[in-house]
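Novice: The file below is start.txt, compact mmCIF, C-alpha atoms:
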```txt
# COMPACT_ATOMS: atom_id res chain seq x y z
CA MET A 1 77.82 124.46 95.85
CA VAL A 2 77.28 123.34 99.44
CA GLY A 3 73.97 123.28 101.23
CA PHE A 4 72.06 121.17 98.66
CA LYS A 5 70.51 124.32 97.27
CA ALA A 6 69.22 122.42 94.26
CA MET A 7 67.46 119.99 96.58
CA GLY A 8 65.64 122.65 98.54
CA TRP A 9 68.06 122.76 101.42
CA LEU A 10 69.40 125.84 103.15
CA PRO A 11 71.20 128.45 101.00
CA GLU A 12 74.92 128.21 100.49
CA PRO A 13 77.06 129.52 103.34
CA LYS A 14 79.46 132.34 102.65
CA LYS A 15 82.41 130.38 104.07
CA ASP A 16 83.52 126.82 103.44
CA GLY A 17 84.74 126.26 106.99
CA LYS A 18 87.89 124.53 108.14
CA ASN A 19 89.88 121.99 106.15
CA LEU A 20 89.99 118.23 106.71
CA GLY A 21 93.65 118.01 107.67
CA ILE A 22 94.44 114.63 109.23
CA LEU A 23 90.85 113.48 108.62
CA ALA A 24 91.67 113.47 104.90
CA PHE A 25 92.60 109.79 105.14
CA GLU A 26 89.32 108.76 106.74
CA THR A 27 87.47 110.85 104.15
CA ALA A 28 89.40 109.20 101.30
CA LYS A 29 88.36 105.75 102.54
CA THR A 30 84.73 106.85 102.66
CA MET A 31 85.02 108.27 99.15
CA SER A 32 86.56 104.98 97.99
CA ARG A 33 83.61 103.09 99.41
CA LEU A 34 81.16 105.39 97.61
CA ILE A 35 83.04 105.05 94.31
CA SER A 36 82.97 101.27 94.76
CA LEU A 37 79.22 101.36 95.37
CA TYR A 38 78.68 103.59 92.35
CA LYS A 39 80.60 101.18 90.14
CA SER A 40 78.88 98.13 91.64
CA VAL A 41 75.49 99.24 90.28
CA SER A 42 76.68 99.97 86.74
CA ASP A 43 74.89 98.31 83.82
CA GLU A 44 77.88 96.02 83.32
CA GLU A 45 77.99 94.88 86.97
CA ILE A 46 74.22 94.34 87.15
CA SER A 47 74.32 92.32 83.93
CA ARG A 48 77.12 90.19 85.38
CA LEU A 49 75.13 89.71 88.58
CA ARG A 50 71.96 88.61 86.77
CA ASN A 51 73.50 86.55 83.98
CA ASP A 52 76.69 85.12 85.51
CA VAL A 53 76.69 85.20 89.31
CA ILE A 54 73.08 84.25 90.04
CA ARG A 55 73.00 81.62 87.29
CA SER A 56 76.34 80.06 88.20
CA LYS A 57 76.07 76.41 89.21
CA GLY A 58 77.60 76.92 92.65
CA VAL A 59 75.28 79.77 93.66
CA ALA A 60 72.14 78.17 92.19
CA PHE A 61 72.83 74.74 93.71
CA LEU A 62 74.14 75.73 97.15
CA ASN A 63 72.35 79.01 97.86
CA SER A 64 69.13 79.22 95.89
CA GLY A 65 67.71 78.98 92.41
CA ASP A 66 65.19 81.69 93.25
CA GLU A 67 66.36 84.78 91.36
CA LYS A 68 63.97 87.05 93.24
CA PHE A 69 65.40 85.94 96.58
CA LEU A 70 68.99 86.35 95.42
CA LEU A 71 68.32 89.81 94.01
CA SER A 72 66.70 90.79 97.33
CA LEU A 73 69.94 89.74 99.04
CA ALA A 74 71.99 91.83 96.59
CA SER A 75 69.75 94.85 97.06
CA ALA A 76 69.76 94.57 100.85
CA GLU A 77 73.55 94.23 101.02
CA ARG A 78 74.23 97.17 98.70
CA LEU A 79 71.78 99.34 100.64
CA GLU A 80 73.43 98.30 103.88
CA ASP A 81 76.84 99.17 102.43
CA LEU A 82 75.41 102.54 101.47
CA ASP A 83 74.10 102.97 105.02
CA HIS A 84 77.64 102.44 106.35
CA ALA A 85 79.06 104.98 103.90
CA ALA A 86 76.30 107.49 104.68
CA ALA A 87 76.99 107.10 108.41
CA ALA A 88 80.64 107.98 107.78
CA VAL A 89 79.58 111.02 105.72
CA ALA A 90 77.24 112.08 108.53
CA ARG A 91 80.06 111.91 111.09
CA LEU A 92 82.15 114.23 108.94
CA GLY A 93 79.09 116.40 108.39
CA LYS A 94 79.01 117.24 112.10
CA LYS A 95 82.12 119.37 111.48
CA CYS A 96 80.55 121.38 108.63
CA THR A 97 79.48 125.01 108.92
CA ASP A 98 76.47 124.49 106.68
CA PHE A 99 73.43 123.53 108.75
CA GLY A 100 72.06 121.24 106.03
CA LEU A 101 75.30 119.27 105.81
CA GLU A 102 75.69 119.21 109.59
CA ARG A 103 72.37 117.36 109.87
CA PHE A 104 73.00 114.93 107.01
CA ASP A 105 72.19 111.97 109.29
CA LEU A 106 68.61 113.21 109.61
CA VAL A 107 68.39 113.99 105.92
CA TYR A 108 69.52 110.48 104.98
CA LYS A 109 66.81 109.00 107.20
CA GLU A 110 64.27 111.12 105.37
CA LEU A 111 65.68 109.91 102.06
CA LYS A 112 65.32 106.28 103.15
CA ARG A 113 61.73 106.90 104.18
CA GLY A 114 60.97 108.36 100.76
CA VAL A 115 60.11 111.76 102.21
CA LEU A 116 63.00 113.64 100.61
CA ASN A 117 63.51 114.04 96.88
CA SER A 118 66.78 112.50 95.73
CA GLY A 119 67.59 115.42 93.44
CA LYS A 120 67.97 115.89 89.70
CA VAL A 121 71.33 114.16 89.17
CA ARG A 122 70.84 110.77 87.51
CA TYR A 123 73.15 107.79 87.67
CA GLY A 124 75.45 107.69 84.65
CA SER A 125 74.77 111.32 83.72
CA ALA A 126 77.62 113.65 82.81
CA THR A 127 77.23 115.40 86.17
CA ALA A 128 77.38 112.17 88.16
CA GLU A 129 80.36 110.87 86.20
CA ARG A 130 82.16 114.18 86.72
CA LYS A 131 81.68 113.94 90.48
CA ILE A 132 83.00 110.37 90.51
CA ARG A 133 86.09 111.37 88.52
CA LYS A 134 86.69 114.25 90.92
CA MET A 135 86.50 111.91 93.89
CA GLU A 136 88.84 109.45 92.18
CA ARG A 137 91.42 112.21 91.67
CA LEU A 138 91.13 113.30 95.30
CA VAL A 139 91.40 109.72 96.56
CA ALA A 140 94.45 109.06 94.37
CA ALA A 141 96.18 112.22 95.63
CA THR A 142 95.32 111.41 99.25
CA SER A 143 96.55 107.85 98.81
CA GLY A 144 99.81 109.30 97.48
CA LEU A 145 100.00 111.58 100.50
CA HIS A 146 99.45 108.63 102.83
CA ALA A 147 102.25 106.65 101.19
CA ALA A 148 104.56 109.69 101.29
CA VAL A 149 103.90 110.26 104.99
CA GLU A 150 104.62 106.62 105.79
CA SER A 151 107.83 106.78 103.77
CA LEU A 152 108.85 109.96 105.59
CA ALA A 153 108.31 108.29 108.96
CA GLU A 154 110.65 105.46 107.96
CA MET A 155 113.26 107.91 106.69
CA GLU A 156 113.10 109.88 109.95
CA VAL A 157 113.81 106.71 111.92
CA SER A 158 116.87 106.15 109.74
CA GLU A 159 117.89 109.78 110.27
CA ARG A 160 117.91 109.38 114.05
CA LYS A 161 120.07 106.28 113.80
CA MET A 162 122.51 107.85 111.34
CA LYS A 163 122.75 110.98 113.47
CA GLN A 164 124.29 108.86 116.20
CA TRP A 165 126.75 107.28 113.77
CA LYS A 166 127.71 110.72 112.41
CA SER A 167 128.99 111.76 115.85
CA LYS A 168 131.72 109.12 115.56
CA ASP A 169 133.51 111.30 113.03
CA ASN A 170 133.32 108.74 110.25
CA GLU A 171 133.52 110.34 106.80
CA LEU A 172 131.40 107.61 105.18
CA HIS A 173 128.69 108.00 107.79
CA LYS A 174 128.72 111.77 107.28
CA ALA A 175 128.31 111.39 103.52
CA ASN A 176 125.42 108.95 103.96
CA TYR A 177 123.82 111.22 106.52
CA ASP A 178 124.02 114.24 104.22
CA ASN A 179 122.50 112.20 101.41
CA LEU A 180 119.62 111.16 103.67
CA ILE A 181 119.01 114.77 104.73
CA HIS A 182 118.72 115.73 101.06
CA LYS A 183 116.20 112.93 100.49
CA LEU A 184 114.24 114.06 103.53
CA GLU A 185 113.98 117.57 102.12
CA ILE A 186 112.69 116.19 98.82
CA GLN A 187 110.21 113.95 100.65
CA ARG A 188 108.85 116.81 102.77
CA ARG A 189 108.47 118.93 99.65
CA GLU A 190 106.54 116.12 98.00
CA ILE A 191 104.25 115.89 101.03
CA ARG A 192 103.55 119.62 100.86
CA ASN A 193 102.61 119.26 97.20
CA PHE A 194 100.34 116.29 97.96
CA LYS A 195 98.62 118.26 100.72
CA GLU A 196 97.82 121.03 98.26
CA ILE A 197 96.10 118.76 95.74
CA SER A 198 94.63 116.14 98.08
CA LEU A 199 91.75 116.11 100.54
CA TRP A 200 94.07 117.45 103.23
CA ASN A 201 93.56 120.98 101.91
CA LYS A 202 89.82 120.62 101.16
CA SER A 203 87.08 121.89 103.47
CA PHE A 204 84.64 119.67 105.34
CA ASP A 205 81.74 121.43 103.64
CA LYS A 206 83.00 120.84 100.09
CA CYS A 207 83.85 117.18 100.69
CA VAL A 208 80.69 116.29 102.60
CA ASP A 209 78.59 118.06 99.95
CA LEU A 210 80.29 116.04 97.19
CA MET A 211 79.90 112.71 99.00
CA ALA A 212 76.33 113.39 100.07
CA ARG A 213 75.29 114.04 96.47
CA VAL A 214 76.83 110.71 95.41
CA VAL A 215 74.99 108.98 98.27
CA PHE A 216 71.75 110.36 96.82
CA VAL A 217 72.64 109.20 93.30
CA VAL A 218 73.58 105.67 94.41
CA HIS A 219 70.49 105.33 96.60
CA ARG A 220 68.26 106.35 93.72
CA ARG A 221 70.04 103.92 91.39
CA ILE A 222 69.67 100.95 93.77
CA CYS A 223 65.97 101.67 94.25
CA ALA A 224 65.51 101.96 90.48
CA LEU A 225 67.23 98.61 89.92
CA PHE A 226 65.74 96.55 92.72
CA GLY A 227 62.67 98.48 93.81
CA PRO A 228 62.14 100.79 96.79
CA ARG A 229 63.35 99.92 100.26
CA LYS A 230 61.19 97.54 102.28
CA ARG A 231 61.12 96.70 105.93
CA PHE A 232 63.92 94.28 106.88
CA PRO A 233 63.98 91.35 107.48
CA MET A 234 60.83 89.43 106.60
CA LYS A 235 60.90 85.80 107.65
CA GLU A 236 61.07 83.54 104.65
CA LYS A 237 59.28 80.25 104.26
CA VAL A 238 61.61 77.27 104.11
CA PHE A 239 60.50 74.07 102.45
CA PRO A 240 62.70 71.01 103.13
CA HIS A 241 62.99 68.31 100.50
CA SER A 242 65.59 65.94 99.10
CA GLY A 243 67.68 66.20 95.98
CA PRO A 244 70.77 64.64 94.38
CA LEU A 245 74.33 65.87 94.61
CA LEU A 246 75.51 64.90 91.16
CA THR A 247 79.08 63.75 90.80
CA ALA A 248 80.95 61.78 88.18
CA SER A 249 80.88 58.76 90.50
CA LYS A 250 77.55 58.37 92.28
CA PRO A 251 74.61 60.68 93.08
CA VAL A 252 74.45 61.47 96.78
CA MET A 253 71.01 62.22 98.21
CA VAL A 254 70.99 65.13 100.62
CA ARG A 255 68.30 67.14 102.39
CA PHE A 256 68.23 70.79 101.49
CA TYR A 257 66.01 73.85 101.69
CA SER A 258 64.53 76.05 99.02
CA ARG A 259 63.62 79.62 99.81
CA LYS A 260 60.44 81.33 98.68
CA SER A 261 59.30 84.91 99.18
CA GLY A 262 62.74 85.77 100.55
CA ILE A 263 62.31 89.51 100.31
CA PHE A 264 64.38 91.45 102.76
CA GLU A 265 62.78 94.36 104.54
CA GLU A 266 64.37 97.17 106.47
CA GLU A 267 64.00 97.91 110.15
CA GLU A 268 64.34 101.30 111.78
CA ALA A 269 67.53 100.08 113.46
CA GLY A 270 70.83 101.85 112.95
CA PRO A 271 73.04 101.24 109.91
CA GLN A 272 75.80 99.36 111.72
CA THR A 273 73.93 96.15 112.55
CA ASN A 274 75.06 93.99 109.57
CA ARG A 275 71.54 92.65 109.19
CA VAL A 276 72.22 90.86 105.90
CA PHE A 277 75.19 88.96 107.33
CA HIS A 278 73.26 87.90 110.43
CA SER A 279 70.18 86.87 108.47
CA ALA A 280 71.78 83.53 107.46
CA LYS A 281 69.75 80.65 108.90
CA PRO A 282 71.26 78.02 111.24
CA GLU A 283 71.09 75.41 108.47
CA THR A 284 73.39 77.49 106.26
CA VAL A 285 77.19 77.44 106.25
CA GLY A 286 77.39 81.09 107.29
CA GLY A 287 74.74 80.63 109.96
CA SER A 288 76.93 77.88 111.42
CA GLY A 289 80.01 80.13 111.37
CA LEU A 290 81.83 77.82 108.94
CA ALA A 291 81.98 79.82 105.70
CA LEU A 292 85.65 80.82 105.79
CA ARG A 293 86.77 77.47 107.18
CA TYR A 294 84.98 75.50 104.47
CA ALA A 295 86.27 77.89 101.81
CA ASN A 296 89.85 77.22 102.96
CA VAL A 297 89.21 73.45 102.95
CA ILE A 298 87.91 73.61 99.37
CA LEU A 299 90.78 75.78 98.11
CA THR A 300 93.37 73.61 99.87
CA ALA A 301 91.85 70.50 98.27
CA GLU A 302 92.01 72.23 94.89
CA LYS A 303 95.69 73.02 95.48
CA TYR A 304 96.43 69.41 96.42
CA LEU A 305 94.62 68.07 93.34
CA ASP A 306 96.73 70.28 91.07
CA SER A 307 99.95 69.40 92.90
CA ASP A 308 102.26 66.70 91.57
CA VAL A 309 104.19 66.16 94.82
CA ALA A 310 103.51 64.10 97.91
CA ILE A 311 101.66 65.69 100.81
CA SER A 312 103.69 65.67 104.02
CA HIS A 313 102.45 64.39 107.38
CA VAL A 314 102.42 67.95 108.76
CA GLU A 315 100.27 69.15 105.86
CA ARG A 316 97.86 66.25 106.35
CA GLU A 317 97.56 67.04 110.05
CA SER A 318 96.97 70.71 109.33
CA PHE A 319 94.32 69.84 106.77
CA TYR A 320 92.72 67.45 109.24
CA GLU A 321 92.41 70.21 111.85
CA MET A 322 90.44 72.36 109.41
CA LEU A 323 87.51 69.92 109.42
CA PRO A 324 84.73 69.96 112.02
CA GLU A 325 83.90 66.64 113.69
CA ASN A 326 80.73 65.96 111.70
CA LEU A 327 82.60 66.33 108.40
CA LYS A 328 85.38 64.02 109.58
CA PHE A 329 82.69 61.47 110.41
CA GLN A 330 81.12 61.78 106.96
CA VAL A 331 84.43 61.19 105.22
CA ARG A 332 85.29 58.21 107.44
CA ALA A 333 81.86 56.71 106.80
CA LYS A 334 82.19 57.07 103.04
CA LEU A 335 85.65 55.53 103.00
CA SER A 336 84.82 52.71 105.36
CA LYS A 337 81.91 51.59 103.16
CA ASN A 338 84.17 51.54 100.49
CA MET A 339 83.87 52.96 98.19
CA ARG A 340 86.09 51.85 95.33
CA CYS A 341 89.24 52.06 97.42
CA ALA A 342 89.23 48.66 99.11
CA GLY A 343 90.48 45.80 97.02
CA VAL A 344 91.83 47.99 94.24
CA GLU A 345 95.48 47.77 93.40
CA GLU A 346 97.56 50.88 93.86
CA GLY A 347 98.64 52.32 90.55
CA ASP A 348 95.28 51.68 88.86
CA ALA A 349 95.65 54.60 86.47
CA LEU A 350 92.19 54.28 84.92
CA LEU A 351 90.34 54.43 88.23
CA ALA A 352 92.60 57.20 89.50
CA GLU A 353 91.80 59.25 86.41
CA GLY A 354 88.08 58.67 86.97
CA TRP A 355 88.28 59.97 90.53
CA ARG A 356 90.40 62.90 89.42
CA ASP A 357 87.79 63.90 86.82
CA ALA A 358 85.00 63.56 89.39
CA VAL A 359 86.78 65.78 91.92
CA ALA A 360 87.72 68.32 89.25
CA GLU A 361 84.10 68.52 88.09
CA ILE A 362 82.86 69.36 91.60
CA LEU A 363 85.63 71.91 92.10
CA ARG A 364 84.73 73.64 88.84
CA TRP A 365 81.54 75.00 90.40
CA LEU A 366 82.48 74.84 94.10
CA ALA A 367 85.92 76.53 94.02
CA PRO A 368 84.63 79.86 92.59
CA VAL A 369 82.19 80.15 95.51
CA ALA A 370 85.04 79.42 97.93
CA ASP A 371 87.22 82.02 96.17
CA ASP A 372 84.49 84.63 96.53
CA THR A 373 84.07 83.73 100.22
CA VAL A 374 87.74 84.48 100.91
CA ARG A 375 87.55 87.59 98.72
CA TRP A 376 84.51 88.91 100.63
CA GLN A 377 86.26 88.39 103.97
CA MET A 378 89.46 90.08 102.78
CA GLU A 379 87.61 93.05 101.31
CA ARG A 380 85.85 93.68 104.62
CA SER A 381 88.99 93.11 106.67
CA PHE A 382 91.05 95.64 104.67
CA GLU A 383 88.20 98.08 104.02
CA LYS A 384 89.30 100.43 106.80
CA THR A 385 92.96 100.48 105.77
CA ARG A 386 92.85 100.69 101.98
CA PHE A 387 91.76 103.16 99.31
CA ASP A 388 90.27 100.52 97.01
CA ALA A 389 87.36 101.63 94.83
CA ARG A 390 86.71 98.38 92.97
CA PRO A 391 83.24 96.78 93.27
CA THR A 392 83.15 94.31 96.14
CA ALA A 393 81.84 90.74 96.24
CA LEU A 394 78.33 90.04 97.50
CA LEU A 395 77.43 87.58 100.24
CA LEU A 396 75.06 85.78 97.86
CA GLN A 397 78.02 84.60 95.76
CA THR A 398 79.85 83.16 98.78
CA LEU A 399 79.30 80.13 101.01
CA HIS A 400 77.57 82.32 103.61
CA PHE A 401 74.02 81.46 102.51
CA ALA A 402 74.96 78.01 101.18
CA ASP A 403 73.01 75.02 102.44
CA ARG A 404 75.31 73.37 104.95
CA GLU A 405 74.23 69.80 104.24
CA LYS A 406 74.79 70.08 100.51
CA THR A 407 78.10 71.87 101.01
CA GLU A 408 79.38 69.22 103.39
CA ALA A 409 78.28 66.44 101.04
CA ALA A 410 80.25 68.07 98.22
CA ILE A 411 83.34 68.56 100.39
CA ALA A 412 83.18 64.96 101.64
CA GLU A 413 82.97 63.73 98.05
CA ILE A 414 86.03 65.83 97.16
CA LEU A 415 88.06 64.52 100.09
CA VAL A 416 87.16 60.89 99.41
CA GLY A 417 88.02 61.33 95.74
CA LEU A 418 91.25 63.12 96.57
CA SER A 419 92.28 60.38 98.97
CA CYS A 420 91.64 57.69 96.37
CA VAL A 421 93.47 59.62 93.64
CA PHE A 422 96.53 59.93 95.83
CA ARG A 423 96.38 56.24 96.82
CA PHE A 424 96.16 55.04 93.24
CA GLU A 425 98.95 57.38 92.18
CA ASN A 426 101.15 56.23 95.07
CA ARG A 427 101.33 59.78 96.38
CA ARG A 428 99.80 58.82 99.69
CA PHE A 429 97.56 61.71 100.71
CA VAL A 430 96.32 59.16 103.24
CA HIS A 431 95.37 55.54 102.73
CA CYS A 432 91.66 54.94 102.79
CA ASP A 433 91.73 52.87 105.98
CA GLU A 434 93.52 55.61 107.94
CA PHE A 435 91.76 58.72 106.67
CA TYR A 436 91.05 60.81 109.72
```
Do you think you could lay out the structure here as structure tokens?

Specialist:
Amino acid sequence: MVGFKAMGWLPEPKKDGKNLGILAFETAKTMSRLISLYKSVSDEEISRLRNDVIRSKGVAFLNSGDEKFLLSLASAERLEDLDHAAAAVARLGKKCTDFGLERFDLVYKELKRGVLNSGKVRYGSATAERKIRKMERLVAATSGLHAAVESLAEMEVSERKMKQWKSKDNELHKANYDNLIHKLEIQRREIRNFKEISLWNKSFDKCVDLMARVVFVVHRRICALFGPRKRFPMKEKVFPHSGPLLTASKPVMVRFYSRKSGIFEEEEAGPQTNRVFHSAKPETVGGSGLALRYANVILTAEKYLDSDVAISHVERESFYEMLPENLKFQVRAKLSKNMRCAGVEEGDALLAEGWRDAVAEILRWLAPVADDTVRWQMERSFEKTRFDARPTALLLQTLHFADREKTEAAIAEILVGLSCVFRFENRRFVHCDEFY
């Protein structure tokens, strides 16, 4: 079972070694990440990536229309995610008794270099699916154990408090205390049961062997889908030119960049460098450090458009603080020139409806990218504290690689339109002459 005997590694050891114990929770999170990666390269997910995500208007317009470049981003990010998971497996492998598992970090490097055979297990095979189901059961049981332990800790705090009350010779307190003691006994029994069926009672060797085999399967699958690993990153050629930002009101000419030959290559650097994230160019939203801020601006604007109540002064001020200075300037410039606000009577329902439609049309393709930006950030923020095995969002479907100039032009158009809608509807988001 252990030792990768089928892959030509050392023979199986006679003993499985010590159990995970408290490291069961860390192991469960690593297993969750591997299950997520396995699911993220399924036929269904790859079809969605190619036919829906890459071809969506927001991704194609803001990020790139070059499918080869976008797929290279997807491949690089999934391989980097796998590197992170493999590094976690390797750390646990250091506690294994099997020499092959103990040196999994070296073996994974050989796999990446193409020196080591990835084994006979194919993605989607009965064997691979069986291993994934086994990991899902172990993760579920370990998640239950984690919840039970947390619940027990809370109950023990209550026990200490009620123990003090019991000393006051109050019959009601005594009855409540006895009831809590009974619940504590049940809870501790439940924890013992969870320990038996969860990762807590499994050996390092068995768990690392299981995860390592899935690492091999996922690596082979990614290479089969996107091609073998290449050196990372290769500088891409950027060609500036102008193009229209189409809205229902007026095309806005902006300068943007198309990417060609954007194939990402891999360096010999360690797996924890987040190379894909840091590869965003300065002219992108992510490269400027504005992805999450702009996503929140877009989603807040969407909320305001759908709202039928007035926006308070505090909300306007808070919204104002979300914008960087250059974007405030763009909005002021657009409003001061105009733009259909000046000289129009408040309550002009026809014009208000026209602006509403224009803003809604932009948000139809911009809001999903903003949603995915927030989702990507949340998934990474909670990755170390949750046992979530769902496929994660990719950076290519967020604002991270979005052209900053085009993104800001779209946001400015939304804010101008939103301001005019509110003026015409007497809801007073802000009057055009006082906007920021």

Novice: Between A:Leu418, A:Leu79, A:Val217, A:Leu73, which residue has the minimum interatomic distance to Tyr304 in chain A, considering only C-alpha atoms?

Specialist: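 Ranking A:Leu418, A:Leu79, A:Val217, A:Leu73 by distance to Tyr304 in chain A, first place goes to A:Leu418.
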
Novice: Select, from A:Ile22, A:Ile132, A:Ile54, A:Leu152, the residue with the minimum atom-to-atom distance to Phe204 in chain A, counting only C-alpha atoms.

Specialist: A:Ile22

Novice: Between CA of Asp105 in chain A and CA of Thr30 in chain A, what is the distance in Å, rounded to a tenth?

Specialist: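 Atom-to-atom, CA of Asp105 in chain A to CA of Thr30 in chain A, that is 15.1 Å.
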
Novice: Would you compute the box with edges along x, y and z of the file around range 30-45 of chain A, including every atom the file lists for it and 8 Å extra on each side, and give its centre and edge lengths in Å to one decimal, as AutoDock Vina command-line options?

Specialist:
```
--center_x 80.7 --center_y 101.6 --center_z 93.0 --size_x 27.7 --size_y 29.4 --size_z 35.3
```

Novice: Just give me the gap between CA of Val374 in chain A and CA of His400 in chain A in Å, one decimal is fine.

Specialist: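 Distance between the two atoms: 10.7 Å.
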
Novice: Which residue, A:Leu199, A:Leu351, A:Met322, A:Val59, has the smallest gap to Glu136 in chain A when you use only C-alpha atoms?

Specialist: A:Leu199

Novice: In terms of the shortest atom-to-atom distance over only C-alpha atoms, which of A:Glu102, A:Glu185, A:Glu321, A:Asp43 is closest to Tyr294 in chain A?

Specialist: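 The shortest atom-to-atom distance to Tyr294 in chain A comes from A:Glu321.
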
Novice: Just to confirm, what's the straight-line distance from CA of Ala90 in chain A to CA of Ala126 in chain A in Å (one decimal)?

Specialist: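 So the answer is 25.8 Å.
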
Novice: Given all atoms listed in the file as the basis, pick out the residue of A:Val314, A:Leu138, A:Ile46, A:Ala76 nearest to Leu395 in chain A.

Specialist: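 Using all atoms listed in the file, Leu395 in chain A sits closest to A:Ala76.
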
Novice: Of the candidates A:Ser198, A:Asn19, A:Ser158, A:Asn274, which one gets nearest to Asp83 in chain A if we count only C-alpha atoms?

Specialist: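 Closest to Asp83 in chain A of all the choices is A:Asn274.
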